[in-house]
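**Q** Input structure: entry.pdb, which contains PDB, C-alpha atoms.
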```pdb
ATOM      1  CA  GLY A   1     191.221  27.785 112.426
ATOM      2  CA  ALA A   2     189.054  25.010 111.106
ATOM      3  CA  SER A   3     188.371  23.392 114.461
ATOM      4  CA  ARG A   4     187.186  26.684 115.958
ATOM      5  CA  LEU A   5     184.861  27.191 112.998
ATOM      6  CA  ASP A   6     183.540  23.652 113.517
ATOM      7  CA  ARG A   7     182.684  24.558 117.121
ATOM      8  CA  VAL A   8     181.010  27.803 116.036
ATOM      9  CA  CYS A   9     178.907  25.955 113.462
ATOM     10  CA  GLN A  10     177.929  23.360 116.047
ATOM     11  CA  ALA A  11     176.932  26.066 118.544
ATOM     12  CA  LEU A  12     174.901  27.889 115.894
ATOM     13  CA  ARG A  13     173.111  24.668 114.896
ATOM     14  CA  GLU A  14     172.273  23.926 118.538
ATOM     15  CA  ASP A  15     170.924  27.453 118.966
ATOM     16  CA  GLY A  16     168.701  26.993 115.912
ATOM     17  CA  ALA A  17     168.297  30.701 115.271
ATOM     18  CA  HIS A  18     169.932  32.772 112.534
ATOM     19  CA  ARG A  19     169.603  30.279 109.698
ATOM     20  CA  GLU A  20     171.314  32.678 107.257
ATOM     21  CA  VAL A  21     174.338  32.961 109.546
ATOM     22  CA  ILE A  22     174.439  29.176 109.929
ATOM     23  CA  ALA A  23     174.385  28.767 106.145
ATOM     24  CA  ILE A  24     177.274  31.219 105.695
ATOM     25  CA  ALA A  25     179.260  29.603 108.517
ATOM     26  CA  GLU A  26     178.655  26.111 107.085
ATOM     27  CA  GLN A  27     179.713  27.259 103.609
ATOM     28  CA  THR A  28     182.856  28.896 104.999
ATOM     29  CA  ARG A  29     183.630  25.769 107.023
ATOM     30  CA  ALA A  30     183.245  23.559 103.935
ATOM     31  CA  GLU A  31     185.502  25.862 101.880
ATOM     32  CA  LEU A  32     188.084  25.882 104.643
ATOM     33  CA  HIS A  33     188.066  22.080 104.851
ATOM     34  CA  ASP A  34     188.350  21.854 101.053
ATOM     35  CA  PHE A  35     191.329  24.229 101.108
ATOM     36  CA  LYS A  36     193.124  22.556 104.032
ATOM     37  CA  PRO A  37     194.943  19.896 101.895
ATOM     38  CA  PHE A  38     196.561  22.680  99.858
ATOM     39  CA  VAL A  39     198.164  24.402 102.847
ATOM     40  CA  PRO A  40     201.220  22.082 102.973
ATOM     41  CA  ILE A  41     201.749  22.707  99.255
ATOM     42  CA  ILE A  42     201.661  26.484  99.717
ATOM     43  CA  VAL A  43     203.912  26.370 102.766
ATOM     44  CA  SER A  44     206.411  24.116 100.995
ATOM     45  CA  LEU A  45     206.486  26.173  97.808
ATOM     46  CA  CYS A  46     207.038  29.358  99.816
ATOM     47  CA  THR A  47     209.850  27.916 101.920
ATOM     48  CA  GLU A  48     212.720  30.324 102.312
ATOM     49  CA  GLY A  49     215.824  28.743 100.894
ATOM     50  CA  MET A  50     214.280  26.961  97.926
ATOM     51  CA  ASP A  51     217.186  27.206  95.505
ATOM     52  CA  GLN A  52     217.576  26.307  91.838
ATOM     53  CA  ARG A  53     218.647  22.753  92.709
ATOM     54  CA  HIS A  54     215.512  22.251  94.817
ATOM     55  CA  TRP A  55     213.229  23.503  92.047
ATOM     56  CA  GLN A  56     215.025  21.220  89.601
ATOM     57  CA  GLU A  57     214.569  18.227  91.901
ATOM     58  CA  LEU A  58     210.880  19.025  92.250
ATOM     59  CA  SER A  59     210.571  19.469  88.483
ATOM     60  CA  ASP A  60     212.208  16.075  87.936
ATOM     61  CA  ILE A  61     209.730  14.407  90.293
ATOM     62  CA  ILE A  62     206.696  16.054  88.732
ATOM     63  CA  GLY A  63     207.887  15.768  85.154
ATOM     64  CA  HIS A  64     207.393  19.444  84.313
ATOM     65  CA  ARG A  65     209.487  22.536  84.945
ATOM     66  CA  ILE A  66     208.357  24.281  88.126
ATOM     67  CA  HIS A  67     209.935  27.514  89.253
ATOM     68  CA  PRO A  68     208.623  30.703  90.883
ATOM     69  CA  ASP A  69     209.609  32.723  87.812
ATOM     70  CA  MET A  70     207.051  30.819  85.712
ATOM     71  CA  PRO A  71     204.478  33.204  84.221
ATOM     72  CA  ASP A  72     201.658  31.063  85.643
ATOM     73  CA  PHE A  73     203.116  30.094  89.024
ATOM     74  CA  THR A  74     199.778  29.796  90.798
ATOM     75  CA  LEU A  75     198.242  27.148  93.013
ATOM     76  CA  SER A  76     195.518  26.447  90.475
ATOM     77  CA  THR A  77     198.109  25.920  87.714
ATOM     78  CA  LEU A  78     200.322  23.715  89.856
ATOM     79  CA  CYS A  79     197.349  21.597  90.937
ATOM     80  CA  SER A  80     195.981  21.308  87.398
ATOM     81  CA  VAL A  81     196.015  18.071  85.404
ATOM     82  CA  ALA A  82     199.304  19.085  83.759
ATOM     83  CA  TYR A  83     201.285  19.358  87.024
ATOM     84  CA  ARG A  84     199.308  17.604  89.778
ATOM     85  CA  VAL A  85     201.592  18.860  92.556
ATOM     86  CA  GLN A  86     199.024  17.637  95.078
ATOM     87  CA  ASP A  87     200.017  14.071  94.153
ATOM     88  CA  HIS A  88     203.600  14.775  95.276
ATOM     89  CA  VAL A  89     203.066  16.461  98.646
ATOM     90  CA  GLY A  90     205.395  14.059 100.495
ATOM     91  CA  PRO A  91     208.454  14.645  98.283
ATOM     92  CA  LEU A  92     207.610  18.361  98.064
ATOM     93  CA  LYS A  93     207.596  18.671 101.861
ATOM     94  CA  GLN A  94     210.893  16.749 102.108
ATOM     95  CA  ILE A  95     212.561  18.996  99.529
ATOM     96  CA  ALA A  96     211.248  22.117 101.269
ATOM     97  CA  GLU A  97     212.392  20.911 104.710
ATOM     98  CA  ARG A  98     215.852  20.152 103.349
ATOM     99  CA  ALA A  99     215.952  23.563 101.617
ATOM    100  CA  ALA A 100     215.057  25.299 104.887
ATOM    101  CA  LYS A 101     217.792  23.441 106.783
ATOM    102  CA  GLU A 102     220.351  24.175 104.060
ATOM    103  CA  PHE A 103     219.315  27.818 104.125
ATOM    104  CA  ALA A 104     219.803  27.915 107.897
ATOM    105  CA  ILE A 105     223.333  26.579 107.428
ATOM    106  CA  GLU A 106     224.002  29.182 104.745
ATOM    107  CA  ARG A 107     222.824  31.943 107.094
ATOM    108  CA  GLN A 108     224.970  30.531 109.905
ATOM    109  CA  LEU A 109     228.040  30.463 107.652
ATOM    110  CA  LYS A 110     227.440  34.069 106.574
ATOM    111  CA  HIS A 111     227.021  35.043 110.225
ATOM    112  CA  LEU A 112     230.308  33.369 111.137
ATOM    113  CA  MET A 113     232.070  35.232 108.350
ATOM    114  CA  SER A 114     230.505  38.575 109.242
ATOM    115  CA  GLU A 115     231.629  38.354 112.877
ATOM    116  CA  TRP A 116     235.147  39.154 111.704
ATOM    117  CA  ASP A 117     234.019  42.506 110.282
ATOM    118  CA  VAL A 118     233.926  44.103 113.735
ATOM    119  CA  LEU A 119     236.999  42.459 115.256
ATOM    120  CA  SER A 120     240.358  44.199 115.113
ATOM    121  CA  PHE A 121     243.778  43.973 116.657
ATOM    122  CA  ASP A 122     245.218  46.718 118.805
ATOM    123  CA  CYS A 123     248.680  47.613 117.530
ATOM    124  CA  THR A 124     249.200  50.903 119.370
ATOM    125  CA  GLN A 125     251.522  49.765 122.161
ATOM    126  CA  GLN A 126     255.154  50.256 121.204
ATOM    127  CA  TYR A 127     257.788  47.783 122.402
ATOM    128  CA  ARG A 128     260.678  49.570 124.228
ATOM    129  CA  ASN A 129     260.938  52.520 121.812
ATOM    130  CA  THR A 130     262.031  50.243 118.978
ATOM    131  CA  ASN A 131     259.410  51.192 116.376
ATOM    132  CA  THR A 132     258.076  47.673 116.859
ATOM    133  CA  TYR A 133     254.522  47.358 118.094
ATOM    134  CA  ILE A 134     252.906  44.701 120.241
ATOM    135  CA  LEU A 135     249.834  42.952 118.962
ATOM    136  CA  GLY A 136     247.030  43.516 121.467
ATOM    137  CA  GLY A 137     243.478  42.248 121.755
ATOM    138  CA  THR A 138     244.658  38.702 121.230
ATOM    139  CA  ASP A 139     242.388  37.082 123.822
ATOM    140  CA  ALA A 140     239.225  38.037 121.933
ATOM    141  CA  VAL A 141     240.730  36.874 118.634
ATOM    142  CA  ALA A 142     241.881  33.570 120.144
ATOM    143  CA  ALA A 143     238.443  32.908 121.622
ATOM    144  CA  MET A 144     236.711  33.771 118.357
ATOM    145  CA  LEU A 145     239.048  31.583 116.333
ATOM    146  CA  ASP A 146     238.363  28.612 118.609
ATOM    147  CA  GLU A 147     234.588  29.160 118.560
ATOM    148  CA  GLN A 148     234.477  29.738 114.823
ATOM    149  CA  LEU A 149     236.578  26.706 114.008
ATOM    150  CA  ALA A 150     234.360  24.467 116.137
ATOM    151  CA  ALA A 151     231.175  25.915 114.603
ATOM    152  CA  ALA A 152     232.509  25.695 111.042
ATOM    153  CA  GLN A 153     233.598  22.085 111.551
ATOM    154  CA  LEU A 154     230.077  21.247 112.724
ATOM    155  CA  LEU A 155     228.789  22.747 109.483
ATOM    156  CA  GLN A 156     231.260  20.600 107.545
ATOM    157  CA  TYR A 157     229.694  17.434 108.902
ATOM    158  CA  SER A 158     226.083  18.528 108.587
ATOM    159  CA  PRO A 159     224.014  16.399 106.204
ATOM    160  CA  TYR A 160     222.277  19.628 105.153
ATOM    161  CA  LYS A 161     225.306  21.557 103.937
ATOM    162  CA  GLY A 162     223.993  21.056 100.386
ATOM    163  CA  GLY A 163     225.794  23.094  97.768
ATOM    164  CA  LEU A 164     227.825  24.940 100.410
ATOM    165  CA  SER A 165     230.359  22.171 100.921
ATOM    166  CA  MET A 166     233.199  23.907  99.067
ATOM    167  CA  GLU A 167     232.498  27.263 100.727
ATOM    168  CA  ILE A 168     232.406  25.692 104.198
ATOM    169  CA  ASP A 169     235.616  23.758 103.534
ATOM    170  CA  ALA A 170     237.320  26.940 102.298
ATOM    171  CA  TRP A 171     236.201  28.792 105.448
ATOM    172  CA  VAL A 172     237.539  26.034 107.718
ATOM    173  CA  THR A 173     240.846  26.075 105.811
ATOM    174  CA  GLN A 174     241.043  29.850 106.168
ATOM    175  CA  LEU A 175     240.291  29.655 109.895
ATOM    176  CA  ARG A 176     242.992  27.010 110.386
ATOM    177  CA  TYR A 177     245.467  29.180 108.482
ATOM    178  CA  MET A 178     244.509  32.199 110.587
ATOM    179  CA  LEU A 179     244.866  30.159 113.790
ATOM    180  CA  GLU A 180     248.284  28.866 112.775
ATOM    181  CA  ASN A 181     249.539  32.365 111.915
ATOM    182  CA  PHE A 182     248.006  33.818 115.042
ATOM    183  CA  GLU A 183     249.668  31.223 117.280
ATOM    184  CA  GLN A 184     253.040  31.833 115.620
ATOM    185  CA  TRP A 185     252.627  35.572 116.127
ATOM    186  CA  ARG A 186     251.787  35.104 119.798
ATOM    187  CA  ARG A 187     254.791  32.803 120.299
ATOM    188  CA  CYS A 188     257.032  35.390 118.638
ATOM    189  CA  GLN A 189     255.742  38.135 120.934
ATOM    190  CA  GLU A 190     256.168  36.005 124.048
ATOM    191  CA  SER A 191     259.848  35.353 123.397
TER
END
```
Turn this file's structure into C-alpha coordinates for me.

**A**
Amino acid sequence: GASRLDRVCQALREDGAHREVIAIAEQTRAELHDFKPFVPIIVSLCTEGMDQRHWQELSDIIGHRIHPDMPDFTLSTLCSVAYRVQDHVGPLKQIAERAAKEFAIERQLKHLMSEWDVLSFDCTQQYRNTNTYILGGTDAVAAMLDEQLAAAQLLQYSPYKGGLSMEIDAWVTQLRYMLENFEQWRRCQES
(Lines of atoms letter the chains of each structure in order from A and count residues from 1; the text may use other names and numbers.)
(Lines give C-alpha, C1' and ligand atoms only; values in the text may rest on other atoms or scores of the structure.)
Protein backbone atom coordinates (compact mmCIF):
# COMPACT_ATOMS: atom_id res chain seq x y z
CA GLY A 1 0.00 0.00 0.00
CA ALA A 2 0.92 3.60 0.58
CA SER A 3 3.49 2.94 3.28
CA ARG A 4 5.35 0.44 1.09
CA LEU A 5 5.41 2.98 -1.74
CA ASP A 6 6.76 5.57 0.71
CA ARG A 7 9.63 3.20 1.55
CA VAL A 8 10.31 2.53 -2.14
CA CYS A 9 10.42 6.26 -2.89
CA GLN A 10 12.76 6.83 0.04
CA ALA A 11 15.07 4.02 -1.12
CA LEU A 12 15.09 5.38 -4.67
CA ARG A 13 15.90 8.90 -3.43
CA GLU A 14 18.77 7.57 -1.31
CA ASP A 15 20.11 5.65 -4.30
CA GLY A 16 20.03 8.82 -6.40
CA ALA A 17 19.97 6.99 -9.72
CA HIS A 18 17.02 6.55 -12.07
CA ARG A 19 15.56 10.03 -11.76
CA GLU A 20 12.72 9.16 -14.18
CA VAL A 21 11.70 6.20 -12.03
CA ILE A 22 11.84 8.37 -8.91
CA ALA A 23 9.59 10.95 -10.58
CA ILE A 24 7.03 8.30 -11.55
CA ALA A 25 7.15 6.72 -8.08
CA GLU A 26 6.76 10.13 -6.40
CA GLN A 27 3.82 11.00 -8.66
CA THR A 28 2.16 7.64 -7.96
CA ARG A 29 2.76 8.09 -4.23
CA ALA A 30 1.19 11.57 -4.29
CA GLU A 31 -1.84 10.27 -6.22
CA LEU A 32 -2.22 7.39 -3.80
CA HIS A 33 -2.09 9.74 -0.81
CA ASP A 34 -4.62 12.05 -2.49
CA PHE A 35 -6.95 9.10 -3.10
CA LYS A 36 -6.61 7.59 0.39
CA PRO A 37 -9.36 9.76 2.02
CA PHE A 38 -11.87 8.44 -0.52
CA VAL A 39 -11.34 4.78 0.34
CA PRO A 40 -13.70 4.79 3.37
CA ILE A 41 -16.37 6.39 1.18
CA ILE A 42 -16.01 3.70 -1.50
CA VAL A 43 -15.95 0.89 1.05
CA SER A 44 -19.02 2.27 2.83
CA LEU A 45 -21.00 2.83 -0.36
CA CYS A 46 -20.22 -0.71 -1.53
CA THR A 47 -21.19 -2.34 1.75
CA GLU A 48 -23.23 -5.47 1.25
CA GLY A 49 -26.56 -5.02 2.93
CA MET A 50 -27.13 -1.36 2.15
CA ASP A 51 -30.91 -1.40 1.85
CA GLN A 52 -33.44 1.22 0.79
CA ARG A 53 -33.78 2.51 4.37
CA HIS A 54 -30.01 3.01 4.61
CA TRP A 55 -29.87 4.93 1.33
CA GLN A 56 -32.78 7.05 2.51
CA GLU A 57 -31.03 7.81 5.80
CA LEU A 58 -27.88 8.79 3.93
CA SER A 59 -29.92 10.93 1.52
CA ASP A 60 -31.56 12.70 4.46
CA ILE A 61 -28.17 13.50 5.99
CA ILE A 62 -26.69 14.78 2.74
CA GLY A 63 -29.81 16.58 1.57
CA HIS A 64 -29.92 14.93 -1.86
CA ARG A 65 -31.19 11.58 -3.06
CA ILE A 66 -28.36 9.05 -3.19
CA HIS A 67 -28.93 5.54 -4.45
CA PRO A 68 -26.89 3.09 -6.55
CA ASP A 69 -29.53 3.19 -9.29
CA MET A 70 -28.77 6.87 -9.93
CA PRO A 71 -27.62 7.42 -13.52
CA ASP A 72 -24.52 9.25 -12.26
CA PHE A 73 -23.63 7.16 -9.20
CA THR A 74 -19.90 7.82 -9.36
CA LEU A 75 -17.35 8.91 -6.80
CA SER A 76 -16.72 12.16 -8.65
CA THR A 77 -20.45 12.97 -8.66
CA LEU A 78 -20.92 12.08 -5.01
CA CYS A 79 -17.91 14.18 -4.00
CA SER A 80 -18.96 17.14 -6.14
CA VAL A 81 -20.20 20.43 -4.70
CA ALA A 82 -23.82 19.24 -5.03
CA TYR A 83 -23.41 16.18 -2.78
CA ARG A 84 -20.18 16.56 -0.79
CA VAL A 85 -20.31 13.01 0.58
CA GLN A 86 -16.74 13.46 1.81
CA ASP A 87 -18.10 15.88 4.44
CA HIS A 88 -20.27 13.08 5.88
CA VAL A 89 -17.80 10.20 6.13
CA GLY A 90 -18.54 9.56 9.83
CA PRO A 91 -22.31 9.10 9.43
CA LEU A 92 -21.76 7.22 6.16
CA LYS A 93 -19.45 4.73 7.88
CA GLN A 94 -21.93 4.30 10.76
CA ILE A 95 -24.81 3.63 8.37
CA ALA A 96 -22.71 1.16 6.38
CA GLU A 97 -21.54 -0.67 9.53
CA ARG A 98 -25.12 -0.95 10.75
CA ALA A 99 -26.24 -2.16 7.30
CA ALA A 100 -23.54 -4.85 7.32
CA LYS A 101 -24.57 -6.06 10.78
CA GLU A 102 -28.25 -6.07 9.82
CA PHE A 103 -27.38 -7.99 6.67
CA ALA A 104 -25.49 -10.56 8.74
CA ILE A 105 -28.58 -11.05 10.89
CA GLU A 106 -30.73 -11.42 7.79
CA ARG A 107 -28.37 -14.08 6.44
CA GLN A 108 -28.37 -15.86 9.80
CA LEU A 109 -32.18 -15.88 9.89
CA LYS A 110 -32.35 -17.28 6.35
CA HIS A 111 -29.80 -19.93 7.34
CA LEU A 112 -31.87 -20.92 10.37
CA MET A 113 -34.95 -21.25 8.20
CA SER A 114 -33.16 -23.24 5.50
CA GLU A 115 -31.85 -25.81 7.99
CA TRP A 116 -35.36 -27.25 8.15
CA ASP A 117 -35.32 -28.04 4.42
CA VAL A 118 -33.15 -31.12 4.95
CA LEU A 119 -34.68 -32.39 8.19
CA SER A 120 -37.43 -34.99 8.11
CA PHE A 121 -39.22 -37.36 10.41
CA ASP A 122 -39.06 -41.10 10.00
CA CYS A 123 -42.58 -42.51 10.01
CA THR A 124 -41.87 -46.00 8.66
CA GLN A 125 -42.03 -48.02 11.88
CA GLN A 126 -45.50 -49.44 12.43
CA TYR A 127 -46.88 -49.78 15.96
CA ARG A 128 -48.07 -53.38 16.67
CA ASN A 129 -49.73 -53.95 13.28
CA THR A 130 -52.32 -51.27 13.98
CA ASN A 131 -51.81 -49.10 10.89
CA THR A 132 -50.46 -46.49 13.29
CA TYR A 133 -46.89 -45.39 12.78
CA ILE A 134 -44.31 -44.22 15.28
CA LEU A 135 -42.64 -40.89 14.75
CA GLY A 136 -38.89 -41.48 14.52
CA GLY A 137 -35.89 -39.19 14.25
CA THR A 138 -37.16 -37.12 17.14
CA ASP A 139 -33.79 -36.58 18.82
CA ALA A 140 -32.41 -34.60 15.88
CA VAL A 141 -35.61 -32.54 15.65
CA ALA A 142 -35.62 -31.85 19.40
CA ALA A 143 -31.99 -30.72 19.32
CA MET A 144 -32.59 -28.51 16.30
CA LEU A 145 -35.68 -26.94 17.83
CA ASP A 146 -33.76 -26.08 21.00
CA GLU A 147 -30.79 -24.66 19.08
CA GLN A 148 -32.96 -22.72 16.67
CA LEU A 149 -35.14 -21.23 19.38
CA ALA A 150 -32.09 -20.04 21.32
CA ALA A 151 -30.48 -18.58 18.17
CA ALA A 152 -33.70 -16.90 17.02
CA GLN A 153 -34.26 -15.37 20.46
CA LEU A 154 -30.75 -13.91 20.33
CA LEU A 155 -31.69 -12.33 17.01
CA GLN A 156 -34.83 -10.91 18.61
CA TYR A 157 -32.77 -8.95 21.11
CA SER A 158 -30.09 -7.80 18.70
CA PRO A 159 -29.89 -4.02 18.28
CA TYR A 160 -29.14 -4.68 14.60
CA LYS A 161 -32.28 -6.59 13.68
CA GLY A 162 -33.39 -3.51 11.72
CA GLY A 163 -36.40 -4.08 9.52
CA LEU A 164 -36.41 -7.82 10.27
CA SER A 165 -38.12 -7.50 13.63
CA MET A 166 -41.50 -8.82 12.46
CA GLU A 167 -39.93 -11.67 10.49
CA ILE A 168 -37.76 -12.71 13.45
CA ASP A 169 -40.72 -12.54 15.83
CA ALA A 170 -42.82 -14.64 13.44
CA TRP A 171 -40.01 -17.23 13.22
CA VAL A 172 -39.71 -17.44 17.01
CA THR A 173 -43.50 -17.84 17.29
CA GLN A 174 -43.43 -20.59 14.68
CA LEU A 175 -40.57 -22.37 16.46
CA ARG A 176 -42.43 -22.21 19.78
CA TYR A 177 -45.55 -23.61 18.11
CA MET A 178 -43.50 -26.39 16.53
CA LEU A 179 -41.85 -27.17 19.88
CA GLU A 180 -45.19 -27.30 21.67
CA ASN A 181 -46.70 -29.63 19.05
CA PHE A 182 -43.58 -31.76 18.97
CA GLU A 183 -43.56 -32.20 22.75
CA GLN A 184 -47.25 -33.15 22.74
CA TRP A 185 -46.60 -35.69 20.00
CA ARG A 186 -43.71 -37.21 21.92
CA ARG A 187 -45.80 -37.42 25.11
CA CYS A 188 -48.59 -39.12 23.16
CA GLN A 189 -46.16 -41.70 21.75
CA GLU A 190 -44.62 -42.40 25.15
CA SER A 191 -47.94 -43.28 26.75

**Q** Edge lengths and centre in Å to one decimal, as AutoDock Vina command-line options, is what I'm after for the box along x, y and z that holds all listed atoms of range 121-124 of chain A once 3 Å is added on each side.

**A**
```
--center_x 246.5 --center_y 47.4 --center_z 118.0 --size_x 11.4 --size_y 12.9 --size_z 8.7
```

**Q** Please identify all polymer residues within 12 Å of Asp60 in chain A, counting only C-alpha atoms, omitting same-chain residues fewer than 4 positions from it, and present them as an mmCIF file with C-alpha atoms, in the coordinates of the input.

**A**
```
data_model
loop_
_atom_site.group_PDB
_atom_site.id
_atom_site.type_symbol
_atom_site.label_atom_id
_atom_site.label_comp_id
_atom_site.auth_asym_id
_atom_site.auth_seq_id
_atom_site.Cartn_x
_atom_site.Cartn_y
_atom_site.Cartn_z
ATOM 1 C CA ARG A 53 218.647 22.753 92.709
ATOM 2 C CA HIS A 54 215.512 22.251 94.817
ATOM 3 C CA TRP A 55 213.229 23.503 92.047
ATOM 4 C CA GLN A 56 215.025 21.220 89.601
ATOM 5 C CA HIS A 64 207.393 19.444 84.313
ATOM 6 C CA ARG A 65 209.487 22.536 84.945
ATOM 7 C CA ILE A 66 208.357 24.281 88.126
ATOM 8 C CA HIS A 67 209.935 27.514 89.253
ATOM 9 C CA TYR A 83 201.285 19.358 87.024
ATOM 10 C CA VAL A 85 201.592 18.860 92.556
ATOM 11 C CA HIS A 88 203.600 14.775 95.276
ATOM 12 C CA PRO A 91 208.454 14.645 98.283
ATOM 13 C CA LEU A 92 207.610 18.361 98.064
ATOM 14 C CA ILE A 95 212.561 18.996 99.529
#
```

**Q** For CA of Val81 in chain A and CA of Thr47 in chain A, determine how far apart the two atoms are, in Å to one decimal place.

**A**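 So the answer is 23.7 Å.
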
**Q** Residue by residue, what does the PyMOL selection byres ((chain A and resi 134) around 12) grab here? Present the result as an mmCIF file with C-alpha atoms, keeping the file's coordinate frame.

**A**
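Output file out-v1.cif follows:
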```
data_model
loop_
_atom_site.group_PDB
_atom_site.id
_atom_site.type_symbol
_atom_site.label_atom_id
_atom_site.label_comp_id
_atom_site.auth_asym_id
_atom_site.auth_seq_id
_atom_site.Cartn_x
_atom_site.Cartn_y
_atom_site.Cartn_z
ATOM 1 C CA PHE A 121 243.778 43.973 116.657
ATOM 2 C CA ASP A 122 245.218 46.718 118.805
ATOM 3 C CA CYS A 123 248.680 47.613 117.530
ATOM 4 C CA THR A 124 249.200 50.903 119.370
ATOM 5 C CA GLN A 125 251.522 49.765 122.161
ATOM 6 C CA GLN A 126 255.154 50.256 121.204
ATOM 7 C CA TYR A 127 257.788 47.783 122.402
ATOM 8 C CA ARG A 128 260.678 49.570 124.228
ATOM 9 C CA ASN A 129 260.938 52.520 121.812
ATOM 10 C CA THR A 130 262.031 50.243 118.978
ATOM 11 C CA ASN A 131 259.410 51.192 116.376
ATOM 12 C CA THR A 132 258.076 47.673 116.859
ATOM 13 C CA TYR A 133 254.522 47.358 118.094
ATOM 14 C CA LEU A 135 249.834 42.952 118.962
ATOM 15 C CA GLY A 136 247.030 43.516 121.467
ATOM 16 C CA GLY A 137 243.478 42.248 121.755
ATOM 17 C CA THR A 138 244.658 38.702 121.230
ATOM 18 C CA TRP A 185 252.627 35.572 116.127
ATOM 19 C CA ARG A 186 251.787 35.104 119.798
ATOM 20 C CA CYS A 188 257.032 35.390 118.638
ATOM 21 C CA GLN A 189 255.742 38.135 120.934
ATOM 22 C CA GLU A 190 256.168 36.005 124.048
#
```

**Q** Report as a PyMOL selection string the residues that result from applying the PyMOL selection byres ((chain A and resi 148) around 12) to the structure here.

**A** chain A and resi 108-116+140-147+149-155+168+171-176+178-179

**Q** From the set A:Leu32, A:Thr77, A:Phe38, A:Met166, which residue has the shortest atom-to-atom contact distance to Val89 in chain A, counting all atoms listed in the file?

**A**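 Result for the nearest residue to Val89 in chain A: A:Phe38.
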
**Q** Report, in Å to a single decimal, how far apart CA of Thr74 in chain A and CA of Ser3 in chain A are.

**A** 27.0 Å

**Q** To one decimal place in Å, what is the distance between CA of Ile105 in chain A and CA of Glu48 in chain A?

**A**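 Taking CA of Ile105 in chain A as the start and CA of Glu48 in chain A as the end point, the length is 12.4 Å.
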
**Q** Calculated over all atoms listed in the file, which of the candidates A:Asp72, A:Ser191, A:Glu106, A:Gly63 has the smallest distance to Glu167 in chain A?

**A**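 Looking at the shortest contact to Glu167 in chain A, the residue is A:Glu106.
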
**Q** Skip Gln94 in chain A itself and residues of its chain fewer than 5 positions away, then list as a list in words all residues within 12 Å of it, counting all atoms listed in the file.

**A** Pro40, Ile41, Val43, Ser44, Leu45, Thr47, Met50, His54, Glu57, Leu58, His88, Val89, Ala99, Ala100 and Lys101 of chain A

**Q** My list of candidates is A:Met70, A:Cys9, A:Cys46, A:Ile62. Which is closest to Ala82 in chain A when distances are computed with only C-alpha atoms?

**A** A:Ile62

**Q** From the options A:Pro71, A:Phe35, A:Glu102, A:Val21, which residue's atoms come nearest to Gly163 in chain A, counting only C-alpha atoms?

**A**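 Checking each of A:Pro71, A:Phe35, A:Glu102, A:Val21 against Gly163 in chain A, counting only C-alpha atoms, the winner is A:Glu102.
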
**Q** Taking into account all atoms listed in the file, which residue in the set A:Val39, A:Ile22, A:Ile61, A:Ala104 is nearest to Gln10 in chain A?

**A** A:Ile22

**Q** I need the residue nearest Asp87 in chain A from this list: A:Gly162, A:Asp15, A:Pro37, A:Tyr157. Use all atoms listed in the file for the distance.

**A**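 That would be A:Pro37, the residue with the smallest distance to Asp87 in chain A.
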